[in-house]
$ cat work-v1.cif   # mmCIF, C-alpha atoms and all ligand atoms
data_model
#
loop_
_atom_site.group_PDB
_atom_site.id
_atom_site.type_symbol
_atom_site.label_atom_id
_atom_site.label_comp_id
_atom_site.auth_asym_id
_atom_site.auth_seq_id
_atom_site.Cartn_x
_atom_site.Cartn_y
_atom_site.Cartn_z
ATOM 1 C CA MET A 49 0.000 0.000 0.000
ATOM 2 C CA ARG A 50 1.390 3.417 -0.905
ATOM 3 C CA SER A 51 2.097 5.493 2.179
ATOM 4 C CA HIS A 52 -0.045 8.494 1.218
ATOM 5 C CA GLU A 53 -3.129 6.326 0.974
ATOM 6 C CA ASN A 54 -3.889 5.656 4.495
ATOM 7 C CA ARG A 55 -2.512 5.229 7.927
ATOM 8 C CA TYR A 56 -1.862 8.851 8.743
ATOM 9 C CA ARG A 57 -5.441 10.020 8.524
ATOM 10 C CA GLU A 58 -6.897 6.873 10.026
ATOM 11 C CA LYS A 59 -4.822 7.274 13.188
ATOM 12 C CA ILE A 60 -6.069 10.853 13.282
ATOM 13 C CA PHE A 61 -9.660 9.617 13.277
ATOM 14 C CA LEU A 62 -8.942 7.460 16.314
ATOM 15 C CA ARG A 63 -7.019 10.255 18.028
ATOM 16 C CA ASN A 64 -9.951 12.607 17.479
ATOM 17 C CA VAL A 65 -12.303 10.094 19.052
ATOM 18 C CA LEU A 66 -10.027 9.699 22.069
ATOM 19 C CA ARG A 67 -9.448 13.412 22.537
ATOM 20 C CA ARG A 68 -12.404 13.537 24.924
ATOM 21 C CA ALA A 69 -12.748 11.045 27.764
ATOM 22 C CA ASP A 70 -16.532 11.282 27.334
ATOM 23 C CA PHE A 71 -16.324 10.686 23.549
ATOM 24 C CA GLN A 72 -19.404 8.472 23.732
ATOM 25 C CA ASN A 73 -21.466 11.591 24.552
ATOM 26 C CA THR A 74 -20.291 13.633 21.557
ATOM 27 C CA ALA A 75 -22.379 14.509 18.488
ATOM 28 C CA SER A 76 -19.804 12.707 16.369
ATOM 29 C CA TRP A 77 -20.306 9.452 18.292
ATOM 30 C CA GLN A 78 -24.079 9.792 17.834
ATOM 31 C CA LEU A 79 -23.528 9.385 14.081
ATOM 32 C CA GLY A 80 -23.283 5.673 14.880
ATOM 33 C CA GLN A 81 -26.975 5.662 15.776
ATOM 34 C CA GLU A 82 -27.807 7.374 12.463
ATOM 35 C CA GLN A 83 -25.853 4.652 10.676
ATOM 36 C CA LEU A 84 -27.838 1.940 12.466
ATOM 37 C CA ASP A 85 -31.145 3.726 11.778
ATOM 38 C CA PHE A 86 -30.193 3.950 8.099
ATOM 39 C CA LEU A 87 -29.512 0.206 7.947
ATOM 40 C CA ILE A 88 -32.752 -0.660 9.737
ATOM 41 C CA ALA A 89 -34.668 1.508 7.246
ATOM 42 C CA ALA A 90 -32.834 -0.386 4.474
ATOM 43 C CA GLY A 91 -34.150 -3.678 5.886
ATOM 44 C CA LEU A 92 -31.627 -4.729 8.541
ATOM 45 C CA ASN A 93 -33.258 -7.344 10.752
ATOM 46 C CA LYS A 94 -32.038 -8.855 13.997
ATOM 47 C CA ASP A 95 -31.345 -12.134 12.220
ATOM 48 C CA TRP A 96 -29.306 -10.549 9.422
ATOM 49 C CA VAL A 97 -25.551 -11.028 9.237
ATOM 50 C CA MET A 98 -23.586 -7.854 8.554
ATOM 51 C CA ALA A 99 -20.046 -6.718 7.870
ATOM 52 C CA ASP A 100 -18.950 -3.221 8.883
ATOM 53 C CA ILE A 101 -15.870 -2.554 6.741
ATOM 54 C CA GLY A 102 -13.574 0.143 8.146
ATOM 55 C CA CYS A 103 -15.570 -0.137 11.371
ATOM 56 C CA GLY A 104 -13.095 1.935 13.425
ATOM 57 C CA PRO A 105 -13.695 1.911 17.214
ATOM 58 C CA LEU A 106 -17.261 0.574 16.681
ATOM 59 C CA ARG A 107 -19.238 3.815 16.580
ATOM 60 C CA LEU A 108 -21.853 1.784 14.672
ATOM 61 C CA GLY A 109 -20.602 -1.600 15.869
ATOM 62 C CA CYS A 110 -21.320 -1.185 19.576
ATOM 63 C CA ARG A 111 -24.957 -0.485 18.652
ATOM 64 C CA ALA A 112 -25.230 -3.082 15.895
ATOM 65 C CA VAL A 113 -23.816 -5.875 18.094
ATOM 66 C CA GLU A 114 -26.519 -5.173 20.682
ATOM 67 C CA TYR A 115 -29.233 -5.026 17.988
ATOM 68 C CA LEU A 116 -28.252 -8.191 16.086
ATOM 69 C CA GLU A 117 -28.411 -11.806 17.145
ATOM 70 C CA GLY A 118 -25.190 -13.136 18.700
ATOM 71 C CA GLY A 119 -22.370 -13.685 16.220
ATOM 72 C CA HIS A 120 -24.036 -11.749 13.386
ATOM 73 C CA TYR A 121 -21.726 -8.716 13.421
ATOM 74 C CA TYR A 122 -18.335 -8.667 11.698
ATOM 75 C CA GLY A 123 -16.184 -5.556 12.009
ATOM 76 C CA LEU A 124 -13.068 -5.148 9.872
ATOM 77 C CA ASP A 125 -10.470 -2.412 10.057
ATOM 78 C CA ILE A 126 -6.868 -1.755 9.131
ATOM 79 C CA ASN A 127 -6.231 -0.245 12.562
ATOM 80 C CA ALA A 128 -5.997 -2.849 15.343
ATOM 81 C CA ASP A 129 -5.941 -0.110 18.025
ATOM 82 C CA ALA A 130 -9.372 1.071 16.918
ATOM 83 C CA LEU A 131 -10.711 -2.475 17.221
ATOM 84 C CA GLU A 132 -9.226 -2.779 20.726
ATOM 85 C CA LEU A 133 -11.001 0.410 21.771
ATOM 86 C CA GLY A 134 -14.264 -0.969 20.394
ATOM 87 C CA LYS A 135 -13.757 -4.240 22.291
ATOM 88 C CA GLY A 136 -13.320 -2.266 25.512
ATOM 89 C CA ILE A 137 -16.562 -0.364 24.908
ATOM 90 C CA LEU A 138 -18.437 -3.616 24.335
ATOM 91 C CA ALA A 139 -16.912 -5.171 27.460
ATOM 92 C CA ARG A 140 -18.199 -2.222 29.497
ATOM 93 C CA LEU A 141 -21.652 -2.921 28.026
ATOM 94 C CA ASN A 142 -21.243 -6.540 29.211
ATOM 95 C CA VAL A 143 -21.201 -7.802 25.616
ATOM 96 C CA THR A 144 -18.896 -10.812 25.399
ATOM 97 C CA GLY A 145 -16.580 -11.648 22.499
ATOM 98 C CA ASP A 146 -18.678 -14.555 21.235
ATOM 99 C CA ASN A 147 -21.323 -12.048 20.111
ATOM 100 C CA TYR A 148 -19.144 -10.473 17.413
ATOM 101 C CA THR A 149 -15.996 -10.921 15.317
ATOM 102 C CA LEU A 150 -13.398 -8.217 14.726
ATOM 103 C CA VAL A 151 -10.759 -8.619 12.023
ATOM 104 C CA ALA A 152 -7.647 -6.457 11.629
ATOM 105 C CA THR A 153 -6.747 -6.524 7.931
ATOM 106 C CA ASP A 154 -4.973 -4.244 5.470
ATOM 107 C CA SER A 155 -6.044 -6.300 2.452
ATOM 108 C CA PHE A 156 -9.836 -6.662 2.840
ATOM 109 C CA ASP A 157 -9.377 -10.254 3.924
ATOM 110 C CA PHE A 158 -12.859 -11.655 4.571
ATOM 111 C CA GLY A 159 -11.536 -15.199 5.083
ATOM 112 C CA GLY A 160 -12.423 -15.132 8.795
ATOM 113 C CA LEU A 161 -16.144 -14.700 8.106
ATOM 114 C CA SER A 162 -17.930 -17.972 8.793
ATOM 115 C CA ARG A 163 -21.414 -16.807 7.735
ATOM 116 C CA PRO A 164 -22.642 -15.386 4.406
ATOM 117 C CA LEU A 165 -23.605 -11.719 4.617
ATOM 118 C CA ASP A 166 -27.084 -10.214 4.257
ATOM 119 C CA VAL A 167 -25.587 -6.732 4.112
ATOM 120 C CA ALA A 168 -22.257 -4.920 4.233
ATOM 121 C CA PHE A 169 -21.684 -1.316 5.207
ATOM 122 C CA SER A 170 -18.959 1.321 5.324
ATOM 123 C CA ASN A 171 -19.142 4.822 6.685
ATOM 124 C CA SER A 172 -16.349 7.063 5.432
ATOM 125 C CA LEU A 173 -14.060 4.273 4.225
ATOM 126 C CA PHE A 174 -13.985 4.922 0.468
ATOM 127 C CA SER A 175 -13.164 8.557 1.242
ATOM 128 C CA HIS A 176 -9.736 7.199 2.322
ATOM 129 C CA LEU A 177 -9.255 4.649 -0.452
ATOM 130 C CA SER A 178 -7.634 4.848 -3.864
ATOM 131 C CA GLU A 179 -9.426 3.336 -6.849
ATOM 132 C CA ASP A 180 -7.227 0.208 -6.601
ATOM 133 C CA ARG A 181 -8.206 -0.330 -2.982
ATOM 134 C CA ILE A 182 -11.925 0.144 -3.720
ATOM 135 C CA ARG A 183 -11.586 -2.417 -6.507
ATOM 136 C CA LEU A 184 -9.963 -4.890 -4.086
ATOM 137 C CA CYS A 185 -12.613 -4.293 -1.425
ATOM 138 C CA LEU A 186 -15.480 -4.899 -3.874
ATOM 139 C CA ALA A 187 -13.812 -7.960 -5.402
ATOM 140 C CA ASN A 188 -12.969 -9.641 -2.070
ATOM 141 C CA LEU A 189 -16.371 -8.900 -0.550
ATOM 142 C CA ARG A 190 -18.478 -10.240 -3.410
ATOM 143 C CA ASP A 191 -18.200 -13.959 -2.645
ATOM 144 C CA HIS A 192 -19.211 -13.359 0.987
ATOM 145 C CA LEU A 193 -22.491 -11.599 0.119
ATOM 146 C CA LYS A 194 -25.632 -13.667 -0.290
ATOM 147 C CA PRO A 195 -27.130 -13.509 -3.811
ATOM 148 C CA GLY A 196 -28.755 -10.107 -4.336
ATOM 149 C CA ALA A 197 -27.354 -8.687 -1.077
ATOM 150 C CA SER A 198 -26.141 -5.073 -0.988
ATOM 151 C CA TYR A 199 -23.118 -3.187 0.255
ATOM 152 C CA TYR A 200 -23.754 0.432 1.326
ATOM 153 C CA SER A 201 -20.733 2.707 1.353
ATOM 154 C CA THR A 202 -20.324 6.485 1.706
ATOM 155 C CA LEU A 203 -17.839 8.537 -0.278
ATOM 156 C CA PHE A 204 -17.181 12.040 -1.540
ATOM 157 C CA LEU A 205 -18.948 12.190 -4.884
ATOM 158 C CA LEU A 206 -18.639 15.002 -7.430
ATOM 159 C CA ASP A 207 -20.777 15.510 -10.536
ATOM 160 C CA ASP A 208 -19.851 13.473 -13.581
ATOM 161 C CA GLU A 209 -18.976 16.734 -15.354
ATOM 162 C CA ALA A 210 -16.545 17.892 -12.644
ATOM 163 C CA PRO A 211 -12.934 18.117 -13.805
ATOM 164 C CA LEU A 212 -11.123 15.330 -11.977
ATOM 165 C CA GLU A 213 -7.935 17.285 -11.341
ATOM 166 C CA MET A 214 -9.936 19.768 -9.258
ATOM 167 C CA ARG A 215 -9.558 19.974 -5.485
ATOM 168 C CA HIS A 216 -12.946 20.126 -3.872
ATOM 169 C CA ARG A 217 -13.729 21.880 -0.595
ATOM 170 C CA TRP A 218 -16.450 20.506 1.701
ATOM 171 C CA PRO A 219 -17.455 22.713 4.667
ATOM 172 C CA TYR A 220 -18.101 20.503 7.693
ATOM 173 C CA ARG A 221 -18.686 21.431 11.333
ATOM 174 C CA GLY A 222 -16.895 24.772 11.085
ATOM 175 C CA LYS A 223 -13.925 23.286 9.177
ATOM 176 C CA VAL A 224 -13.227 22.552 5.530
ATOM 177 C CA ILE A 225 -12.248 19.121 4.185
ATOM 178 C CA THR A 226 -10.331 19.303 0.899
ATOM 179 C CA THR A 227 -10.616 16.187 -1.256
ATOM 180 C CA LYS A 228 -8.431 15.278 -4.245
ATOM 181 C CA PRO A 229 -8.619 12.782 -7.079
ATOM 182 C CA ASP A 230 -5.288 11.121 -6.243
ATOM 183 C CA ARG A 231 -4.796 11.587 -2.531
ATOM 184 C CA ASN A 232 -6.460 10.841 0.776
ATOM 185 C CA PRO A 233 -9.143 12.097 1.296
ATOM 186 C CA PHE A 234 -10.313 11.083 -2.172
ATOM 187 C CA HIS A 235 -13.262 12.200 -4.256
ATOM 188 C CA TYR A 236 -14.798 10.339 -7.173
ATOM 189 C CA ARG A 237 -17.298 10.835 -9.978
ATOM 190 C CA PRO A 238 -20.362 8.581 -10.297
ATOM 191 C CA GLY A 239 -19.195 7.213 -13.666
ATOM 192 C CA ASP A 240 -15.863 6.055 -12.189
ATOM 193 C CA ILE A 241 -17.570 4.241 -9.330
ATOM 194 C CA ARG A 242 -20.154 2.725 -11.666
ATOM 195 C CA ALA A 243 -17.377 1.317 -13.855
ATOM 196 C CA LEU A 244 -15.652 -0.222 -10.810
ATOM 197 C CA ALA A 245 -18.954 -1.682 -9.605
ATOM 198 C CA THR A 246 -19.880 -3.186 -12.960
ATOM 199 C CA ALA A 247 -16.437 -4.742 -13.423
ATOM 200 C CA ALA A 248 -16.646 -6.290 -9.939
ATOM 201 C CA GLY A 249 -20.135 -7.753 -10.499
ATOM 202 C CA TYR A 250 -22.393 -5.221 -8.785
ATOM 203 C CA ALA A 251 -25.188 -2.871 -9.823
ATOM 204 C CA MET A 252 -24.652 0.627 -8.459
ATOM 205 C CA GLU A 253 -27.246 3.090 -7.213
ATOM 206 C CA ILE A 254 -27.063 6.376 -5.300
ATOM 207 C CA VAL A 255 -29.419 6.411 -2.296
ATOM 208 C CA ALA A 256 -30.510 9.059 0.202
ATOM 209 C CA ALA A 257 -28.796 8.796 3.607
ATOM 210 C CA TYR A 258 -27.818 10.579 6.800
ATOM 211 C CA HIS A 259 -24.328 11.809 5.920
ATOM 212 C CA PRO A 260 -24.092 15.619 5.669
ATOM 213 C CA ILE A 261 -21.329 15.746 3.034
ATOM 214 C CA GLN A 262 -20.717 12.227 1.716
ATOM 215 C CA THR A 263 -22.992 10.319 -0.657
ATOM 216 C CA MET A 264 -24.290 6.817 0.017
ATOM 217 C CA VAL A 265 -23.725 4.344 -2.788
ATOM 218 C CA LYS A 266 -25.525 1.000 -2.830
ATOM 219 C CA PHE A 267 -23.673 -1.873 -4.531
ATOM 220 C CA THR A 268 -25.945 -4.844 -5.170
ATOM 221 C CA LYS A 269 -24.410 -8.191 -5.996
ATOM 222 C CA GLN A 270 -25.466 -9.272 -9.458
ATOM 223 C CA ASN A 271 -26.099 -12.781 -10.646
ATOM 224 C CA PRO A 272 -23.173 -13.600 -12.985
ATOM 225 C CA ASP A 273 -25.700 -14.401 -15.733
ATOM 226 C CA ALA A 274 -27.470 -11.013 -15.418
ATOM 227 C CA GLY A 275 -27.515 -9.153 -18.706
ATOM 228 C CA ARG A 276 -26.561 -12.209 -20.783
ATOM 229 C CA ASN A 277 -28.847 -13.154 -23.635
ATOM 230 C CA VAL A 278 -30.681 -16.403 -23.022
ATOM 231 C CA GLU A 279 -31.497 -18.248 -26.239
HETATM 232 C C1 LIG B 301 -13.239 7.949 9.101
HETATM 233 S S1 LIG B 301 -12.993 6.420 9.891
HETATM 234 C C2 LIG B 301 -14.660 5.782 9.994
HETATM 235 C C3 LIG B 301 -14.814 4.694 11.017
HETATM 236 C C4 LIG B 301 -16.221 4.130 11.165
HETATM 237 N N1 LIG B 301 -16.735 3.606 9.920
HETATM 238 C C5 LIG B 301 -17.157 5.180 11.719
HETATM 239 O O1 LIG B 301 -17.965 5.737 10.984
HETATM 240 O O2 LIG B 301 -17.035 5.467 12.911
HETATM 241 C C6 LIG B 301 -12.307 5.420 8.583
HETATM 242 C C7 LIG B 301 -11.914 4.038 9.070
HETATM 243 O O3 LIG B 301 -11.502 3.260 7.944
HETATM 244 C C8 LIG B 301 -10.383 2.481 8.344
HETATM 245 N N2 LIG B 301 -9.638 2.104 7.142
HETATM 246 C C9 LIG B 301 -8.933 2.894 6.307
HETATM 247 N N3 LIG B 301 -8.381 2.187 5.328
HETATM 248 C C10 LIG B 301 -8.755 0.906 5.519
HETATM 249 C C11 LIG B 301 -8.511 -0.320 4.813
HETATM 250 N N4 LIG B 301 -7.757 -0.356 3.721
HETATM 251 N N5 LIG B 301 -9.065 -1.444 5.302
HETATM 252 C C12 LIG B 301 -9.842 -1.416 6.408
HETATM 253 N N6 LIG B 301 -10.107 -0.295 7.113
HETATM 254 C C13 LIG B 301 -9.560 0.846 6.673
HETATM 255 C C14 LIG B 301 -9.617 3.385 9.287
HETATM 256 O O4 LIG B 301 -8.707 2.696 10.112
HETATM 257 C C15 LIG B 301 -10.756 4.035 10.064
HETATM 258 O O5 LIG B 301 -11.108 3.309 11.218
#
$ encode --input "work-v1.cif" --output "C-alpha cells"
Amino acid sequence: MRSHENRYREKIFLRNVLRRADFQNTASWQLGQEQLDFLIAAGLNKDWVMADIGCGPLRLGCRAVEYLEGGHYYGLDINADALELGKGILARLNVTGDNYTLVATDSFDFGGLSRPLDVAFSNSLFSHLSEDRIRLCLANLRDHLKPGASYYSTLFLLDDEAPLEMRHRWPYRGKVITTKPDRNPFHYRPGDIRALATAAGYAMEIVAAYHPIQTMVKFTKQNPDAGRNVE
C-alpha cells in the first residue's frame, strides 16, 4: 500500500475520538446511531448477518452488536488499536466476544467470516481509499455476500462533469475538508464508481442517507448471468 493512501489520517480519526474522555457523549459518536437507523430503514433485521468494513472503534458496531443476534456482526479495520477500543466499549456494556468478530486486515481479507452476509456497510471508508483499494474491497467482498445482497458505502462524490484534477472543498462542522482525485481524502465521480462496480459484479445506485457531506452508494451483488442473452 502506498504510504499516502492511508494510515496517517486513520490514526487521526482514532485520536480525534479519544481526545475527549466522554467521547461516547459527543455529536460525532451519535452518528453511529444514524448509521444503524439507516440500515434498519434499508431492511436490517435482527437475524441478518452484517459486515462493517472500516468499522473503526465501533461507533456503529457497539450499537449493531446489541441489535443483532449473537455472532451476526463482523467488524473489519486496518487499525488494530481502533478495534481494541471498540472491544473495551463492548466489554463495558457486558457484551462478550462470542457475540461479534473483529478482524484487523490491510487487504480486505474476509476469510475469517464464517457466515454469508445479508448486508455490508462502510461509513467514510472509500473517502480514504484509492481506486485500486476500492476495486480490491469490492472484489474480495463479493463472494461473501448472499445472492442479491447489498453493500452500502459512503464517499465524496462530485458531478460526472466535474474536472477530476480539481480539489474540492467541503465545509463541515466549522472546518473545511479538501478532497483530491489522487490523494487521501479522495473524491470520485459517479461514472468512475459505476465502472468499478460493474467490473466487480455489482449494480450501483445512489441512495438518500444521513451523511451531511458524503454520498451513500448502494452496490448490489449481481447474478453472474445477469444481462446475458438467453437463447
Ligand atoms: C473515518 S474512519 C470511519 C470509522 C467508522 N466507519 C465510523 O464511521 O465510525 C475510517 C476508518 O476506515 C479504516 N480504514 C482505512 N483504510 C482501511 C482499509 N484499507 N481497510 C480497512 N479499514 C480501513 C480506518 O482505520 C478508520 O477506522
$ residues_near_ligand --input "work-v1.cif" --ligand "ligand LIG 301 (chain B)" --cutoff "9 Å" --atoms "only C-alpha atoms and all ligand atoms" --output "PyMOL selection string"
chain A and resi 49+53-55+57-62+76-77+79-80+83+100-109+124-131+152-157+169-177+181-182+185
$ closest_residue --input "work-v1.cif" --among "A:Gly160, A:Gly196, A:Gly136, A:Gly119" --to "Tyr148 (chain A)" --atoms "only C-alpha atoms"
A:Gly119
$ closest_residue --input "work-v1.cif" --among "A:Asn232, A:Ser178, A:Gln72, A:Thr226" --to "Gly134 (chain A)" --atoms "only C-alpha atoms"
A:Gln72
$ residues_near_point --input "work-v1.cif" --point "(-4.1, 12.7, -9.3)" --cutoff "12 Å" --atoms "all atoms listed in the file" --output "ChimeraX atom specification"
/A:178-179,211-215,227-236
$ closest_residue --input "work-v1.cif" --among "A:Lys194, A:Arg221, A:Arg237, A:Arg242" --to "Val97 (chain A)" --atoms "all atoms listed in the file"
A:Lys194
$ residues_around --input "work-v1.cif" --residues "Pro272 (chain A)" --least-positions-apart "3" --cutoff "12 Å" --atoms "all atoms listed in the file" --output "ChimeraX atom specification"
/A:190-191,195-196,246-251,269,275-276
$ atom_distance --input "work-v1.cif" --atom1 "CA of Asp180 (chain A)" --atom2 "CA of Leu206 (chain A)"
18.7 Å
$ resolve_selection --input "work-v1.cif" --expression "the PyMOL selection byres (((chain A and resi 192) around 8) and not hetatm)" --output "list in words"
Phe158, Leu161, Arg163, Pro164, Leu165, Asn188, Leu189, Arg190, Asp191, Leu193 and Lys194 of chain A
$ atom_distance --input "work-v1.cif" --atom1 "CA of Val224 (chain A)" --atom2 "CA of Arg183 (chain A)"
27.8 Å
$ build_atoms --input "work-v1.cif" --residues "region 152-175 of chain A" --atoms "N, CA and C atoms" --output "compact mmCIF listing (two decimals), keeping the file's coordinate frame"
# COMPACT_ATOMS: atom_id res chain seq x y z
N ALA A 152 -8.60 -7.49 12.05
CA ALA A 152 -7.65 -6.46 11.63
C ALA A 152 -7.04 -6.91 10.30
N THR A 153 -7.26 -6.14 9.25
CA THR A 153 -6.75 -6.52 7.93
C THR A 153 -6.41 -5.29 7.11
N ASP A 154 -5.30 -5.36 6.37
CA ASP A 154 -4.97 -4.24 5.47
C ASP A 154 -5.20 -4.66 4.02
N SER A 155 -5.87 -5.81 3.82
CA SER A 155 -6.04 -6.30 2.45
C SER A 155 -7.48 -6.78 2.20
N PHE A 156 -8.42 -6.27 2.98
CA PHE A 156 -9.84 -6.66 2.84
C PHE A 156 -9.95 -8.18 2.81
N ASP A 157 -9.36 -8.79 3.83
CA ASP A 157 -9.38 -10.25 3.92
C ASP A 157 -10.63 -10.67 4.69
N PHE A 158 -11.59 -11.24 3.96
CA PHE A 158 -12.86 -11.66 4.57
C PHE A 158 -12.84 -13.15 4.92
N GLY A 159 -11.65 -13.76 4.87
CA GLY A 159 -11.54 -15.20 5.08
C GLY A 159 -12.02 -15.66 6.46
N GLY A 160 -12.00 -14.75 7.44
CA GLY A 160 -12.42 -15.13 8.80
C GLY A 160 -13.93 -15.10 8.99
N LEU A 161 -14.68 -14.77 7.96
CA LEU A 161 -16.14 -14.70 8.11
C LEU A 161 -16.74 -16.09 7.88
N SER A 162 -17.41 -16.60 8.90
CA SER A 162 -17.93 -17.97 8.79
C SER A 162 -19.37 -18.01 8.30
N ARG A 163 -20.02 -16.83 8.19
CA ARG A 163 -21.41 -16.81 7.74
C ARG A 163 -21.52 -15.91 6.50
N PRO A 164 -22.41 -16.29 5.54
CA PRO A 164 -22.64 -15.39 4.41
C PRO A 164 -23.38 -14.12 4.86
N LEU A 165 -23.12 -13.03 4.17
CA LEU A 165 -23.60 -11.72 4.62
C LEU A 165 -24.93 -11.33 3.96
N ASP A 166 -25.85 -10.81 4.79
CA ASP A 166 -27.08 -10.21 4.26
C ASP A 166 -26.86 -8.78 3.83
N VAL A 167 -25.87 -8.13 4.45
CA VAL A 167 -25.59 -6.73 4.11
C VAL A 167 -24.16 -6.41 4.54
N ALA A 168 -23.55 -5.47 3.81
CA ALA A 168 -22.26 -4.92 4.23
C ALA A 168 -22.39 -3.41 4.21
N PHE A 169 -21.52 -2.76 4.99
CA PHE A 169 -21.68 -1.32 5.21
C PHE A 169 -20.32 -0.68 5.47
N SER A 170 -20.15 0.54 4.97
CA SER A 170 -18.96 1.32 5.32
C SER A 170 -19.35 2.78 5.45
N ASN A 171 -18.99 3.38 6.56
CA ASN A 171 -19.14 4.82 6.68
C ASN A 171 -17.75 5.44 6.59
N SER A 172 -17.59 6.32 5.59
CA SER A 172 -16.35 7.06 5.43
C SER A 172 -15.11 6.17 5.33
N LEU A 173 -15.23 5.11 4.55
CA LEU A 173 -14.06 4.27 4.22
C LEU A 173 -13.54 4.63 2.84
N PHE A 174 -14.43 4.65 1.85
CA PHE A 174 -13.98 4.92 0.47
C PHE A 174 -13.39 6.33 0.34
N SER A 175 -13.75 7.22 1.27
CA SER A 175 -13.16 8.56 1.24
C SER A 175 -11.66 8.49 1.50
